[in-house]
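The structure appears below as structure tokens.
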Amino acid sequence: MTKTCAIIGCSPMCFPWGFDEEDEGCAALKLILINQISKLRGEGCTRFAVSMDCGVGLYAAEILRGLKETDDALETICYVPYEEQATKWTPELRDRYFNALTTCTEVVNVAYEKTVGCEFKAYLEAINEADTVIVVYDPDDPRCEREAAAVAVAEMLNRQVFTVDPKAIHLF
């Protein structure tokens with residue numbers, strides 16, 4: 001049976017560093033993601049179900065694309081909350097997003113248009129496929145209630161959950 005890991009996370013607006021990917025906190029977050037993905041890969045996990053967004057989802061998809069260059073067994077399933085989500089992103093983020101989508105194994109469009117709860121539904125679809133869940137969010141931040149609810153569902157489904165709190169990363 002194929003082992004699968006779901007990767008979800010809050011918006012970069014909830015990170016102490018925001019969208020600044022050159023910040024040491026963001027670099028540390030990406031390193032944690034690489035280490036966790038590599039650890040799971042070493043344990044036989046070959047499928048990664050990524051809920052796509054302009055933060056954690058994009059970082060994970062880019063990391064997986066890089067690892068796929070030397071590991072043909074890796075599969076990345078990208079769950080897109082709604083088709084037009086990248087319309088108002090910066091051109092650079094949009095380019096990175098579409099590059100990530102073109103190199104993933106499969107794209108699952110959760111909704112055609114933005115609807116209430118489509119981002120949460122993308123989380124649930126990714127979690128439903130998974131044995132393990134990596135979630136990046138601040139459990140104390142009320143803006144992260146969607147991620148907290150997703151963690152509760154994952155725990156209810158007896159998924160192994162690895163939580164990364166971006167606030168704690170920034171303290172180092």
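We label chains A, B, ... in the order they appear in the structure tokens, count residues from 1 in each chain, and number ligands from 1 in the order shown.
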Would you mind listing what lies within 6 Å of Asp165 of chain A as a PDB file with C-alpha atoms, in the first residue's frame, with only C-alpha atoms counted and same-chain residues fewer than 3 positions away left out?
```
ATOM      1  CA  VAL A 136       2.027  24.700   9.282  1.00  0.00           C
ATOM      2  CA  TYR A 137      -0.009  27.046  11.472  1.00  0.00           C
ATOM      3  CA  ASP A 138      -0.059  28.945  14.754  1.00  0.00           C
ATOM      4  CA  ALA A 168       8.031  29.272  17.222  1.00  0.00           C
TER       5      ALA A 168
END
```
Step one, run DSSP on the backbone; step two, keep only residues of segment 18-151 of chain A assigned to helix (DSSP H, G or I); then write them as a VMD selection string.
chain A and resid 24 to 42 56 to 68 91 to 103 118 to 129 142 to 151
Suppose we keep C-alpha atoms; can you now write the selection as a CSV table (one decimal), in the first residue's frame?
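Okay, again-v5.csv is ready:
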```
chain,number,residue,atom,x,y,z
A,24,GLU,CA,15.5,33.4,8.2
A,25,GLY,CA,12.2,32.2,9.6
A,26,CYS,CA,11.0,31.4,6.1
A,27,ALA,CA,14.3,29.7,5.3
A,28,ALA,CA,14.0,27.6,8.5
A,29,LEU,CA,10.4,26.7,7.6
A,30,LYS,CA,11.5,25.4,4.2
A,31,LEU,CA,14.3,23.4,5.8
A,32,ILE,CA,11.8,21.8,8.2
A,33,LEU,CA,9.6,20.9,5.3
A,34,ILE,CA,12.5,19.4,3.3
A,35,ASN,CA,13.6,17.4,6.4
A,36,GLN,CA,10.1,16.1,7.1
A,37,ILE,CA,9.5,15.2,3.5
A,38,SER,CA,12.9,13.4,3.3
A,39,LYS,CA,12.2,11.6,6.6
A,40,LEU,CA,8.9,10.4,5.4
A,41,ARG,CA,10.4,9.4,2.0
A,42,GLY,CA,13.0,7.4,3.9
A,56,VAL,CA,3.2,26.3,2.4
A,57,GLY,CA,1.5,24.5,-0.6
A,58,LEU,CA,3.8,26.3,-3.1
A,59,TYR,CA,6.9,25.7,-1.0
A,60,ALA,CA,6.1,22.0,-0.6
A,61,ALA,CA,5.3,21.6,-4.4
A,62,GLU,CA,8.6,23.3,-5.3
A,63,ILE,CA,10.6,21.1,-2.8
A,64,LEU,CA,8.9,18.0,-4.2
A,65,ARG,CA,9.6,19.0,-7.8
A,66,GLY,CA,13.3,19.3,-6.8
A,67,LEU,CA,13.4,15.9,-5.1
A,68,LYS,CA,11.6,14.3,-8.0
A,91,PRO,CA,3.3,37.7,-11.4
A,92,GLU,CA,6.3,36.0,-9.8
A,93,LEU,CA,4.0,33.9,-7.4
A,94,ARG,CA,1.7,33.1,-10.3
A,95,ASP,CA,4.6,31.8,-12.4
A,96,ARG,CA,5.9,29.7,-9.6
A,97,TYR,CA,2.4,28.3,-8.9
A,98,PHE,CA,1.8,27.4,-12.5
A,99,ASN,CA,5.3,25.8,-12.9
A,100,ALA,CA,4.5,23.7,-9.8
A,101,LEU,CA,1.2,22.6,-11.2
A,102,THR,CA,2.7,21.6,-14.5
A,103,THR,CA,5.3,19.4,-12.8
A,118,CYS,CA,-13.3,25.6,-0.8
A,119,GLU,CA,-9.9,26.0,0.9
A,120,PHE,CA,-11.0,23.8,3.8
A,121,LYS,CA,-12.4,21.2,1.4
A,122,ALA,CA,-9.0,21.1,-0.4
A,123,TYR,CA,-7.5,20.3,3.1
A,124,LEU,CA,-10.0,17.6,3.7
A,125,GLU,CA,-9.5,15.9,0.3
A,126,ALA,CA,-5.7,15.9,0.9
A,127,ILE,CA,-6.1,14.6,4.5
A,128,ASN,CA,-8.5,11.9,3.4
A,129,GLU,CA,-5.8,10.5,1.1
A,142,PRO,CA,-7.6,33.0,15.4
A,143,ARG,CA,-6.9,33.5,11.7
A,144,CYS,CA,-5.8,29.9,11.6
A,145,GLU,CA,-9.1,28.4,12.6
A,146,ARG,CA,-9.4,26.5,9.2
A,147,GLU,CA,-6.0,24.8,9.9
A,148,ALA,CA,-7.0,24.0,13.5
A,149,ALA,CA,-10.3,22.4,12.3
A,150,ALA,CA,-8.3,20.4,9.7
A,151,VAL,CA,-6.0,19.1,12.4
```
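Among A:Met13, A:Val161, A:Met156, A:Cys54, the residue with the shortest atom-to-atom distance to Val133 of chain A, counting only C-alpha atoms, is A:Val161.
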Could you list, as a PDB file with N, CA, C and O atoms, in the first residue's frame, every residue within 6 Å of Thr76 of chain A, counting only C-alpha atoms and ignoring same-chain residues fewer than 3 positions away?
```pdb
ATOM      1  N   ARG A  47       3.786   9.325  -1.943  1.00  0.00           N
ATOM      2  CA  ARG A  47       2.752  10.264  -2.434  1.00  0.00           C
ATOM      3  C   ARG A  47       2.614  11.426  -1.465  1.00  0.00           C
ATOM      4  O   ARG A  47       2.515  11.234  -0.259  1.00  0.00           O
ATOM      5  N   PHE A  48       2.567  12.612  -2.030  1.00  0.00           N
ATOM      6  CA  PHE A  48       2.380  13.817  -1.226  1.00  0.00           C
ATOM      7  C   PHE A  48       1.190  14.576  -1.782  1.00  0.00           C
ATOM      8  O   PHE A  48       1.173  14.958  -2.960  1.00  0.00           O
ATOM      9  N   CYS A 104       3.551  18.598 -11.294  1.00  0.00           N
ATOM     10  CA  CYS A 104       3.022  17.632 -10.334  1.00  0.00           C
ATOM     11  C   CYS A 104       2.417  16.439 -11.073  1.00  0.00           C
ATOM     12  O   CYS A 104       2.172  16.487 -12.281  1.00  0.00           O
ATOM     13  N   THR A 105       2.204  15.369 -10.355  1.00  0.00           N
ATOM     14  CA  THR A 105       1.689  14.133 -10.937  1.00  0.00           C
ATOM     15  C   THR A 105       0.229  14.268 -11.347  1.00  0.00           C
ATOM     16  O   THR A 105      -0.187  13.772 -12.390  1.00  0.00           O
TER      17      THR A 105
END
```
Near-Phe162 of chain A list (8 Å; only C-alpha atoms; drop same-chain fewer than 5 positions) as a short mmCIF file (atom, residue, chain, number, x, y, z; two decimals) with all heavy atoms, in the first residue's frame:
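The resulting file, part-v5.cif, is reproduced below:
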```cif
data_model
loop_
_atom_site.label_atom_id
_atom_site.label_comp_id
_atom_site.auth_asym_id
_atom_site.auth_seq_id
_atom_site.Cartn_x
_atom_site.Cartn_y
_atom_site.Cartn_z
N THR A 132 -0.27 10.50 6.96
CA THR A 132 0.42 11.51 7.77
C THR A 132 0.05 12.89 7.25
O THR A 132 -0.18 13.06 6.06
CB THR A 132 1.96 11.33 7.66
OG1 THR A 132 2.30 10.00 8.05
CG2 THR A 132 2.71 12.31 8.53
N VAL A 133 0.02 13.87 8.16
CA VAL A 133 -0.29 15.25 7.77
C VAL A 133 0.79 16.16 8.35
O VAL A 133 1.09 16.11 9.54
CB VAL A 133 -1.67 15.69 8.31
CG1 VAL A 133 -1.96 17.13 7.92
CG2 VAL A 133 -2.77 14.76 7.80
N ILE A 134 1.36 16.98 7.49
CA ILE A 134 2.23 18.07 7.93
C ILE A 134 1.39 19.33 7.83
O ILE A 134 0.87 19.64 6.75
CB ILE A 134 3.48 18.21 7.04
CG1 ILE A 134 4.34 16.94 7.10
CG2 ILE A 134 4.30 19.44 7.46
CD1 ILE A 134 5.50 16.93 6.10
N VAL A 135 1.24 20.04 8.94
CA VAL A 135 0.44 21.27 8.94
C VAL A 135 1.27 22.40 9.54
O VAL A 135 1.88 22.25 10.59
CB VAL A 135 -0.90 21.08 9.69
CG1 VAL A 135 -0.70 20.64 11.11
CG2 VAL A 135 -1.74 22.35 9.63
#
```
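Pairwise distance (atom CA of Thr70 of chain A, atom CA of Asp131 of chain A) equals 23.7 Å.
With only C-alpha atoms as the atoms that count, the residue of A:Val153, A:Asp141, A:Thr46, A:Trp89 with the shortest distance to Lys167 of chain A is A:Asp141.
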Could you tell me how far atom CA of Asp20 of chain A sits from atom CA of Tyr79 of chain A, in Å to one decimal place?
24.1 Å
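In this comparison, which uses only C-alpha atoms, the residue of A:Ala111, A:Ala130, A:Ala154, A:Ala73 approaching Gln85 of chain A most closely is A:Ala111.
Between Trp17 of chain A and the candidates A:Val110, A:Ala49, A:Ala152, A:Ile169, the tightest atom-to-atom separation, counting only C-alpha atoms, involves A:Ile169.
Proximity ranking of A:Leu157, A:Val108, A:Met52, A:Val164 relative to Phe15 of chain A places A:Val164 first, based on only C-alpha atoms.
Nearest to Gly9 of chain A of all the residues A:Asn158, A:Thr87, A:Thr163, A:Thr115 is A:Thr163, counting only C-alpha atoms.
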Run DSSP on the backbone and tell me which residues of segment 70-167 of chain A come out as strand (DSSP E); list them as JSON, numbers by chain.
{"A": [75, 76, 77, 78, 79, 80, 106, 107, 108, 109, 132, 133, 134, 135, 136, 160, 161, 162, 163, 164]}
